[in-house]
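Visitor: Handing over final-v4.cif, mmCIF, C-alpha atoms.
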```
data_start
loop_
_atom_site.group_PDB
_atom_site.id
_atom_site.type_symbol
_atom_site.label_atom_id
_atom_site.label_comp_id
_atom_site.auth_asym_id
_atom_site.auth_seq_id
_atom_site.Cartn_x
_atom_site.Cartn_y
_atom_site.Cartn_z
ATOM 1 C CA MET A 211 17.700 45.271 -33.875
ATOM 2 C CA LYS A 212 18.136 41.570 -33.123
ATOM 3 C CA LYS A 213 14.472 41.251 -32.067
ATOM 4 C CA LEU A 214 13.345 42.977 -35.255
ATOM 5 C CA LEU A 215 15.412 40.585 -37.372
ATOM 6 C CA ILE A 216 13.934 37.569 -35.571
ATOM 7 C CA ALA A 217 10.389 38.921 -36.040
ATOM 8 C CA VAL A 218 10.951 39.507 -39.771
ATOM 9 C CA LEU A 219 12.437 36.037 -40.174
ATOM 10 C CA ALA A 220 9.503 34.428 -38.332
ATOM 11 C CA LEU A 221 6.976 36.271 -40.505
ATOM 12 C CA GLY A 222 8.867 35.278 -43.631
ATOM 13 C CA LEU A 223 8.861 31.619 -42.688
ATOM 14 C CA ALA A 224 5.172 31.767 -41.757
ATOM 15 C CA GLY A 225 4.437 32.948 -45.297
ATOM 16 C CA CYS A 226 5.905 29.709 -46.650
ATOM 17 C CA ALA A 227 3.676 27.506 -44.518
ATOM 18 C CA ASN A 228 0.651 25.980 -46.120
ATOM 19 C CA PRO A 229 -2.334 27.207 -44.038
ATOM 20 C CA TYR A 230 -4.701 24.309 -44.681
ATOM 21 C CA ASN A 231 -4.593 20.539 -45.028
ATOM 22 C CA TYR A 232 -5.674 20.371 -48.663
ATOM 23 C CA ARG A 233 -5.480 16.578 -49.030
ATOM 24 C CA GLU A 234 -8.282 16.057 -46.527
ATOM 25 C CA GLU A 235 -10.211 19.304 -47.001
ATOM 26 C CA GLN A 236 -10.830 19.420 -50.752
ATOM 27 C CA LYS A 237 -11.121 17.355 -53.906
ATOM 28 C CA PRO A 238 -8.413 17.602 -56.543
ATOM 29 C CA GLU A 239 -9.067 19.963 -59.460
ATOM 30 C CA ALA A 240 -7.193 17.554 -61.732
ATOM 31 C CA SER A 241 -5.802 14.019 -61.440
ATOM 32 C CA LEU A 242 -3.252 12.830 -63.971
ATOM 33 C CA SER A 243 -0.690 10.051 -64.282
ATOM 34 C CA THR A 244 2.564 9.356 -66.077
ATOM 35 C CA SER A 245 5.277 6.736 -66.287
ATOM 36 C CA ARG A 246 8.005 9.269 -65.337
ATOM 37 C CA ASP A 247 9.728 9.193 -61.937
ATOM 38 C CA ALA A 248 7.868 11.136 -59.204
ATOM 39 C CA SER A 249 10.911 13.177 -58.184
ATOM 40 C CA ASP A 250 11.615 14.159 -61.808
ATOM 41 C CA VAL A 251 7.985 15.206 -62.320
ATOM 42 C CA GLN A 252 8.111 17.325 -59.159
ATOM 43 C CA GLN A 253 11.243 19.127 -60.397
ATOM 44 C CA CYS A 254 9.655 19.712 -63.809
ATOM 45 C CA ILE A 255 6.439 21.141 -62.290
ATOM 46 C CA LEU A 256 8.452 23.365 -59.941
ATOM 47 C CA ALA A 257 10.356 24.817 -62.910
ATOM 48 C CA ALA A 258 7.181 25.237 -64.989
ATOM 49 C CA TRP A 259 5.355 27.047 -62.179
ATOM 50 C CA GLN A 260 8.358 29.285 -61.495
ATOM 51 C CA GLN A 261 8.481 30.270 -65.177
ATOM 52 C CA THR A 262 4.853 31.421 -64.961
ATOM 53 C CA PRO A 263 4.741 33.503 -61.775
ATOM 54 C CA LEU A 264 1.287 34.188 -60.341
ATOM 55 C CA MET A 265 2.362 36.665 -57.650
ATOM 56 C CA THR A 266 3.224 33.960 -55.101
ATOM 57 C CA ALA A 267 6.331 32.070 -54.118
ATOM 58 C CA VAL A 268 6.559 28.477 -55.317
ATOM 59 C CA ILE A 269 8.429 25.892 -53.247
ATOM 60 C CA GLN A 270 8.993 22.154 -53.297
ATOM 61 C CA GLN A 271 8.496 19.805 -50.381
ATOM 62 C CA LYS A 272 8.987 16.081 -49.735
ATOM 63 C CA THR A 273 6.680 14.638 -47.056
ATOM 64 C CA GLY A 274 6.304 10.885 -46.755
ATOM 65 C CA LYS A 275 5.418 9.507 -50.173
ATOM 66 C CA TYR A 276 4.470 12.946 -51.545
ATOM 67 C CA TYR A 277 6.715 15.059 -53.749
ATOM 68 C CA SER A 278 4.795 18.338 -53.579
ATOM 69 C CA VAL A 279 4.988 21.742 -55.195
ATOM 70 C CA LEU A 280 3.311 24.404 -53.072
ATOM 71 C CA ALA A 281 2.106 27.942 -53.723
ATOM 72 C CA SER A 282 -0.295 29.999 -51.639
ATOM 73 C CA ALA A 283 -3.384 29.135 -53.718
ATOM 74 C CA ASP A 284 -2.235 26.028 -55.599
ATOM 75 C CA ASN A 285 -0.677 22.724 -54.587
ATOM 76 C CA VAL A 286 0.279 19.612 -56.483
ATOM 77 C CA ASP A 287 1.144 16.206 -55.063
ATOM 78 C CA VAL A 288 3.201 13.724 -57.057
ATOM 79 C CA TYR A 289 3.618 10.164 -55.796
ATOM 80 C CA SER A 290 4.132 6.585 -56.950
ATOM 81 C CA GLN A 291 1.217 4.159 -56.808
ATOM 82 C CA ASN A 292 0.874 0.723 -58.426
ATOM 83 C CA GLY A 293 3.845 1.201 -60.744
ATOM 84 C CA LYS A 294 2.843 4.632 -62.075
ATOM 85 C CA THR A 295 3.254 8.218 -60.968
ATOM 86 C CA VAL A 296 0.058 9.967 -59.865
ATOM 87 C CA ILE A 297 -0.311 13.757 -59.983
ATOM 88 C CA LYS A 298 -3.096 15.522 -58.056
ATOM 89 C CA PHE A 299 -3.620 19.279 -58.383
ATOM 90 C CA TYR A 300 -5.492 21.301 -55.744
ATOM 91 C CA SER A 301 -6.474 24.967 -55.975
ATOM 92 C CA LEU A 302 -8.216 27.569 -53.824
ATOM 93 C CA ARG A 303 -8.691 29.989 -56.725
ATOM 94 C CA GLY A 304 -12.451 29.472 -57.117
ATOM 95 C CA SER A 305 -14.521 31.382 -59.665
ATOM 96 C CA LEU A 306 -12.695 34.687 -59.166
ATOM 97 C CA ASP A 307 -9.545 33.502 -60.914
ATOM 98 C CA VAL A 308 -8.770 36.779 -62.705
ATOM 99 C CA MET A 309 -5.249 35.666 -63.656
ATOM 100 C CA ASN A 310 -6.422 32.363 -65.167
ATOM 101 C CA GLY A 311 -4.164 30.672 -62.625
ATOM 102 C CA LYS A 312 -5.806 27.245 -62.657
ATOM 103 C CA GLU A 313 -5.341 26.894 -66.409
ATOM 104 C CA LYS A 314 -1.740 28.104 -66.203
ATOM 105 C CA ARG A 315 -0.914 25.701 -63.353
ATOM 106 C CA ILE A 316 -2.571 22.725 -65.093
ATOM 107 C CA SER A 317 -0.779 23.596 -68.336
ATOM 108 C CA GLY A 318 2.530 23.560 -66.439
ATOM 109 C CA ILE A 319 1.684 20.152 -64.988
ATOM 110 C CA LYS A 320 0.700 18.722 -68.384
ATOM 111 C CA SER A 321 3.996 19.896 -69.879
ATOM 112 C CA CYS A 322 5.729 17.502 -67.453
ATOM 113 C CA LEU A 323 3.856 14.332 -68.325
#
```
Once more with this new file: its structure as structure tokens, please.

Guide:
Amino acid sequence: MKKLLIAVLALGLAGCANPYNYREEQKPEASLSTSRDASDVQQCILAAWQQTPLMTAVIQQKTGKYYSVLASADNVDVYSQNGKTVIKFYSLRGSLDVMNGKEKRISGIKSCL
């Protein structure tokens, strides 16, 4: 029983890991900026994405200068640069986006500017 619990826990945590290094491997789908604080923008985007579920878990992460919101197909980085807050949205949805996920994610981001 203990081994089964450990295996389930390991698989659950593996599902939260981002499987690719999106910052180096792809161009952003959208780049925006605002005068709001990076941490506040991250919290706002997290809430907006959680209110519009697209069949994936949405989590927040702080790594170095990046305040990120991560989902299995979509990621957003929020960080301060030259006195403003920069927001970069990345997506793996491609042309088969049957749920209109890119538009919904970008709309959530824009609501936080």

Visitor: Do a neighbour search on Gly311 of chain A at 12 Å with all atoms listed in the file, toss out local chain neighbours closer than 4 positions, and write the hits as a list in words.

Guide: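 In the requested form, the answer reads Trp259, Thr262, Pro263, Leu264, Met265, Thr266, Ala281, Ser282, Ala283, Asp284, Asn285, Tyr300, Ser301, Leu302, Arg303, Gly304, Ser305, Leu306, Asp307, Arg315, Ile316, Ser317 and Gly318 of chain A.
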
Visitor: With the file shown as input, list the residues that the PyMOL selection byres ((chain A and resi 280) around 9) selects, as a PDB file with C-alpha atoms, keeping the file's coordinate frame.

Guide:
```pdb
ATOM      1  CA  CYS A 226       5.905  29.709 -46.650  1.00  0.00           C
ATOM      2  CA  ASN A 228       0.651  25.980 -46.120  1.00  0.00           C
ATOM      3  CA  LEU A 256       8.452  23.365 -59.941  1.00  0.00           C
ATOM      4  CA  ALA A 267       6.331  32.070 -54.118  1.00  0.00           C
ATOM      5  CA  VAL A 268       6.559  28.477 -55.317  1.00  0.00           C
ATOM      6  CA  ILE A 269       8.429  25.892 -53.247  1.00  0.00           C
ATOM      7  CA  GLN A 270       8.993  22.154 -53.297  1.00  0.00           C
ATOM      8  CA  GLN A 271       8.496  19.805 -50.381  1.00  0.00           C
ATOM      9  CA  SER A 278       4.795  18.338 -53.579  1.00  0.00           C
ATOM     10  CA  VAL A 279       4.988  21.742 -55.195  1.00  0.00           C
ATOM     11  CA  ALA A 281       2.106  27.942 -53.723  1.00  0.00           C
ATOM     12  CA  SER A 282      -0.295  29.999 -51.639  1.00  0.00           C
ATOM     13  CA  ALA A 283      -3.384  29.135 -53.718  1.00  0.00           C
ATOM     14  CA  ASP A 284      -2.235  26.028 -55.599  1.00  0.00           C
ATOM     15  CA  ASN A 285      -0.677  22.724 -54.587  1.00  0.00           C
ATOM     16  CA  VAL A 286       0.279  19.612 -56.483  1.00  0.00           C
ATOM     17  CA  ASP A 287       1.144  16.206 -55.063  1.00  0.00           C
TER      18      ASP A 287
END
```

Visitor: Tell me, in Å to one decimal, how far atom CA of Gln260 of chain A is from atom CA of Lys298 of chain A.

Guide: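 Straight-line distance from atom CA of Gln260 of chain A to atom CA of Lys298 of chain A works out to 18.2 Å.
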
Visitor: Determine the nearest neighbour of Tyr276 of chain A from the options A:Lys320, A:Arg233, A:Lys312, A:Arg246, counting all atoms listed in the file.

Guide: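 The closest residue to Tyr276 of chain A is A:Arg233.
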
Visitor: Could you check how far atom CA of Leu242 of chain A sits from atom CA of Lys275 of chain A, in Å to one decimal?

Guide: 16.6 Å

Visitor: Write out N, CA and C atoms for segment 292-311 of chain A, as a short mmCIF file (atom, residue, chain, number, x, y, z; two decimals), in the coordinates of the input.

Guide:
```
data_model
loop_
_atom_site.label_atom_id
_atom_site.label_comp_id
_atom_site.auth_asym_id
_atom_site.auth_seq_id
_atom_site.Cartn_x
_atom_site.Cartn_y
_atom_site.Cartn_z
N ASN A 292 1.10 1.85 -57.51
CA ASN A 292 0.87 0.72 -58.43
C ASN A 292 1.70 0.81 -59.71
N GLY A 293 2.95 1.18 -59.59
CA GLY A 293 3.84 1.20 -60.74
C GLY A 293 3.73 2.42 -61.64
N LYS A 294 2.93 3.41 -61.28
CA LYS A 294 2.84 4.63 -62.08
C LYS A 294 2.95 5.84 -61.16
N THR A 295 3.17 6.98 -61.73
CA THR A 295 3.25 8.22 -60.97
C THR A 295 1.93 8.96 -61.08
N VAL A 296 1.34 9.28 -59.94
CA VAL A 296 0.06 9.97 -59.86
C VAL A 296 0.31 11.43 -59.53
N ILE A 297 -0.43 12.32 -60.20
CA ILE A 297 -0.31 13.76 -59.98
C ILE A 297 -1.70 14.28 -59.64
N LYS A 298 -1.82 14.94 -58.47
CA LYS A 298 -3.10 15.52 -58.06
C LYS A 298 -2.89 17.01 -57.80
N PHE A 299 -3.71 17.83 -58.48
CA PHE A 299 -3.62 19.28 -58.38
C PHE A 299 -4.80 19.81 -57.58
N TYR A 300 -4.49 20.67 -56.60
CA TYR A 300 -5.49 21.30 -55.74
C TYR A 300 -5.38 22.82 -55.89
N SER A 301 -6.51 23.52 -55.86
CA SER A 301 -6.47 24.97 -55.98
C SER A 301 -7.56 25.61 -55.13
N LEU A 302 -7.25 26.77 -54.58
CA LEU A 302 -8.22 27.57 -53.82
C LEU A 302 -8.70 28.77 -54.64
N ARG A 303 -8.41 28.81 -55.92
CA ARG A 303 -8.69 29.99 -56.72
C ARG A 303 -10.18 30.26 -56.92
N GLY A 304 -11.01 29.27 -56.97
CA GLY A 304 -12.45 29.47 -57.12
C GLY A 304 -12.83 30.16 -58.42
N SER A 305 -14.00 30.78 -58.43
CA SER A 305 -14.52 31.38 -59.66
C SER A 305 -13.94 32.77 -59.94
N LEU A 306 -13.28 33.36 -58.97
CA LEU A 306 -12.70 34.69 -59.17
C LEU A 306 -11.22 34.59 -59.54
N ASP A 307 -10.92 33.74 -60.47
CA ASP A 307 -9.54 33.50 -60.91
C ASP A 307 -9.21 34.47 -62.04
N VAL A 308 -8.97 35.73 -61.70
CA VAL A 308 -8.77 36.78 -62.70
C VAL A 308 -7.48 36.60 -63.50
N MET A 309 -6.52 35.87 -62.96
CA MET A 309 -5.25 35.67 -63.66
C MET A 309 -5.23 34.36 -64.45
N ASN A 310 -6.36 33.65 -64.48
CA ASN A 310 -6.42 32.36 -65.17
C ASN A 310 -5.39 31.39 -64.61
N GLY A 311 -5.20 31.45 -63.29
CA GLY A 311 -4.16 30.67 -62.62
C GLY A 311 -4.34 29.18 -62.72
#
```
